[in-house]
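Asker: Before I ask anything, here is the structure I am working with.
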Amino acid sequence: MNARVLDPAKDSKQFPPGLCALGIMTKAPRAGKVKTRLTPPLTPQEAADLNVCFLRDIASAIMAATRNSAARGIGIYTPPGKEKSFDEILPDEFRLVVQRGEGFGDRLIFAAEDLLTVGFQSVCLINSDSPTVPSETFAEAATELAKPGEGIVLGPSDDGGYFLIGLKKLDRHLFADIDWSTEKVFAQTKQRAAEIGVPVHELPRGFDVDDRATLHRLCDELLGPETRSTIDLAPHTRKFLREIVAREGRARIWPA
């Protein structure tokens with residue numbers, strides 16, 4: 001097995017105390033297998049390439065966050081056996097954990113369980129669809145989870161879901177009876193947290209890029225006239241989108 005890949009059955013308690021895992025839930029970026037709702041306007045290969053840019057930008061933000069908090073970057077990937085796909089994408093400092101489970105809720109549960117098993121004190125599970133989340137937000141999540149007492153961290157998305165969920169211990173009820181991939185996810189998760197009596201800390205809101213409308217919004221934020229507030233965000237994604245517009249015109253992916 002690749003030396004970067006953690007095996008929860010063998011690698012228990014190998015990290016120093018107090019460390020938070022900032023883990024990106026991701027698929028190997030293969031054409032036709034990722035970001036399929038962005039095709040069209042993107043081709044399957046462009047969608048996969050954009051996914052790579054997202055991963056690089058999110059990983060870079062996580063790396064910056066680890067300099068200001070006790071945290072470590074992790075890639076939580078699928079399918080098994082594709083860990084080499086991330087060698088040129090995720091920084092060398094990242095470790096990898098293979099995803100387990102069938103449904104999305106199970107994959108989150110098992111990811112949290114595996115990362116707690118290998119010795120992390122807390123875990124943040126982060127989507128791979130939100131490249132403009134700043135490093136300060138990831139640092140805030142890790143810092144909040146380092147505080148004494150119970151607590152859950154949620155990063156709300158504009159579509160009603162969340163781009164990050166952070167926890168210190170696993171209670172499966174937090175993921176029970178959630179209408180995944182709907183606008184109800186964030187509200188239902190907050191309700192589950194209330195049911196188990198754990199307070200929730202909300203991060204600044206983000207947004208997922210997974211269809212034409214959100215791709216358009218991403219272009220507005222990264223390429224539009226009012227980009228000063230995002231100038232330090234998502235450089236790989238910004239470059240990729242700018243090159244398409246320069247080569248083929250903005251109507252190709254970013255209609256006026």
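In the structure tokens, the first chain shown is A, the next is B, and so on; residue numbers restart at 1 for each chain, and ligands run from 1 in the order shown.
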Extract the full set of helix (DSSP H, G or I) residues from range 46-81 of chain A according to DSSP on the backbone, and format it as a count of residues only.
Answerer: 21
Asker: Which distance in Å separates CA of Pro204 in chain A and CA of Val123 in chain A, to one decimal?
Answerer: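 It comes out at 18.2 Å.
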Asker: Here is a test: counting only C-alpha atoms, which residue of A:Ala194, A:Ala213, A:Leu50, A:Leu108 is nearest to Trp180 in chain A?
Answerer: A:Leu108
Asker: Can you tell me, as a list of chain:residue names, what residues are no more than 9 Å from Leu116 in chain A when counting only C-alpha atoms, ignoring any on the same chain fewer than 4 positions away?
Answerer: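 So, after excluding close chain neighbours, the residues are A:Pro8, A:Ser12, A:Lys13, A:Ala21, A:Ala111, A:Ala112, A:Phe120, A:Gln121, A:Ser122, A:Val123, A:Lys168, A:Lys169, A:Leu170.
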Asker: Could you please take those selected residues and save all heavy atoms as an mmCIF file, in the first residue's frame?
Answerer:
```
data_model
loop_
_atom_site.group_PDB
_atom_site.id
_atom_site.type_symbol
_atom_site.label_atom_id
_atom_site.label_comp_id
_atom_site.auth_asym_id
_atom_site.auth_seq_id
_atom_site.Cartn_x
_atom_site.Cartn_y
_atom_site.Cartn_z
ATOM 1 N N PRO A 8 -6.708 2.259 9.249
ATOM 2 C CA PRO A 8 -7.198 2.332 10.633
ATOM 3 C C PRO A 8 -7.021 1.030 11.408
ATOM 4 O O PRO A 8 -6.949 1.057 12.639
ATOM 5 C CB PRO A 8 -8.681 2.676 10.454
ATOM 6 C CG PRO A 8 -8.753 3.362 9.131
ATOM 7 C CD PRO A 8 -7.730 2.671 8.273
ATOM 8 N N SER A 12 -3.482 2.853 14.417
ATOM 9 C CA SER A 12 -4.198 3.538 15.487
ATOM 10 C C SER A 12 -3.256 4.373 16.351
ATOM 11 O O SER A 12 -2.121 3.977 16.628
ATOM 12 C CB SER A 12 -4.941 2.524 16.357
ATOM 13 O OG SER A 12 -4.047 1.642 16.983
ATOM 14 N N LYS A 13 -3.769 5.532 16.755
ATOM 15 C CA LYS A 13 -3.087 6.419 17.705
ATOM 16 C C LYS A 13 -1.666 6.777 17.299
ATOM 17 O O LYS A 13 -0.743 6.770 18.106
ATOM 18 C CB LYS A 13 -3.078 5.785 19.098
ATOM 19 C CG LYS A 13 -4.435 5.343 19.608
ATOM 20 C CD LYS A 13 -5.458 6.471 19.618
ATOM 21 C CE LYS A 13 -6.811 5.976 20.111
ATOM 22 N NZ LYS A 13 -7.863 7.008 19.983
ATOM 23 N N ALA A 21 -8.092 16.627 12.144
ATOM 24 C CA ALA A 21 -7.999 16.209 10.747
ATOM 25 C C ALA A 21 -8.886 17.112 9.897
ATOM 26 O O ALA A 21 -10.090 17.217 10.153
ATOM 27 C CB ALA A 21 -8.432 14.757 10.590
ATOM 28 N N ALA A 111 -15.714 7.715 7.607
ATOM 29 C CA ALA A 111 -14.551 8.597 7.513
ATOM 30 C C ALA A 111 -14.225 9.180 8.883
ATOM 31 O O ALA A 111 -13.058 9.213 9.308
ATOM 32 C CB ALA A 111 -14.800 9.705 6.501
ATOM 33 N N ALA A 112 -15.243 9.665 9.583
ATOM 34 C CA ALA A 112 -15.017 10.205 10.925
ATOM 35 C C ALA A 112 -14.482 9.119 11.855
ATOM 36 O O ALA A 112 -13.535 9.350 12.622
ATOM 37 C CB ALA A 112 -16.316 10.789 11.474
ATOM 38 N N PHE A 120 -6.645 11.152 15.661
ATOM 39 C CA PHE A 120 -7.027 12.563 15.664
ATOM 40 C C PHE A 120 -7.992 12.837 16.809
ATOM 41 O O PHE A 120 -8.882 12.034 17.094
ATOM 42 C CB PHE A 120 -7.654 12.961 14.329
ATOM 43 C CG PHE A 120 -6.664 13.055 13.201
ATOM 44 C CD1 PHE A 120 -6.545 12.033 12.267
ATOM 45 C CD2 PHE A 120 -5.833 14.152 13.090
ATOM 46 C CE1 PHE A 120 -5.628 12.108 11.237
ATOM 47 C CE2 PHE A 120 -4.902 14.245 12.062
ATOM 48 C CZ PHE A 120 -4.803 13.221 11.135
ATOM 49 N N GLN A 121 -7.840 13.989 17.431
ATOM 50 C CA GLN A 121 -8.743 14.370 18.514
ATOM 51 C C GLN A 121 -10.074 14.865 17.972
ATOM 52 O O GLN A 121 -11.116 14.717 18.619
ATOM 53 C CB GLN A 121 -8.112 15.456 19.379
ATOM 54 C CG GLN A 121 -9.001 15.917 20.533
ATOM 55 C CD GLN A 121 -8.295 16.873 21.452
ATOM 56 O OE1 GLN A 121 -7.309 16.522 22.096
ATOM 57 N NE2 GLN A 121 -8.777 18.108 21.520
ATOM 58 N N SER A 122 -10.039 15.468 16.786
ATOM 59 C CA SER A 122 -11.260 15.954 16.150
ATOM 60 C C SER A 122 -11.124 15.812 14.642
ATOM 61 O O SER A 122 -10.022 15.627 14.115
ATOM 62 C CB SER A 122 -11.529 17.417 16.528
ATOM 63 O OG SER A 122 -10.454 18.253 16.136
ATOM 64 N N VAL A 123 -12.263 15.907 13.963
ATOM 65 C CA VAL A 123 -12.318 15.633 12.527
ATOM 66 C C VAL A 123 -13.211 16.660 11.849
ATOM 67 O O VAL A 123 -14.320 16.933 12.332
ATOM 68 C CB VAL A 123 -12.893 14.224 12.264
ATOM 69 C CG1 VAL A 123 -13.117 14.002 10.782
ATOM 70 C CG2 VAL A 123 -11.984 13.150 12.842
ATOM 71 N N LYS A 168 -15.943 16.025 17.493
ATOM 72 C CA LYS A 168 -14.912 15.489 18.374
ATOM 73 C C LYS A 168 -15.135 14.016 18.687
ATOM 74 O O LYS A 168 -14.184 13.299 18.983
ATOM 75 C CB LYS A 168 -14.877 16.271 19.687
ATOM 76 C CG LYS A 168 -14.641 17.757 19.526
ATOM 77 C CD LYS A 168 -14.632 18.430 20.896
ATOM 78 C CE LYS A 168 -14.602 19.933 20.759
ATOM 79 N NZ LYS A 168 -14.496 20.614 22.078
ATOM 80 N N LYS A 169 -16.381 13.612 18.686
ATOM 81 C CA LYS A 169 -16.688 12.206 18.860
ATOM 82 C C LYS A 169 -17.857 11.856 17.952
ATOM 83 O O LYS A 169 -18.671 12.721 17.587
ATOM 84 C CB LYS A 169 -17.001 11.869 20.314
ATOM 85 C CG LYS A 169 -18.261 12.494 20.879
ATOM 86 C CD LYS A 169 -18.452 12.054 22.329
ATOM 87 C CE LYS A 169 -19.749 12.617 22.908
ATOM 88 N NZ LYS A 169 -19.947 12.185 24.313
ATOM 89 N N LEU A 170 -17.915 10.605 17.564
ATOM 90 C CA LEU A 170 -18.897 10.168 16.577
ATOM 91 C C LEU A 170 -20.178 9.711 17.255
ATOM 92 O O LEU A 170 -20.167 8.799 18.073
ATOM 93 C CB LEU A 170 -18.316 9.027 15.737
ATOM 94 C CG LEU A 170 -19.251 8.434 14.678
ATOM 95 C CD1 LEU A 170 -19.686 9.501 13.686
ATOM 96 C CD2 LEU A 170 -18.561 7.276 13.970
#
```
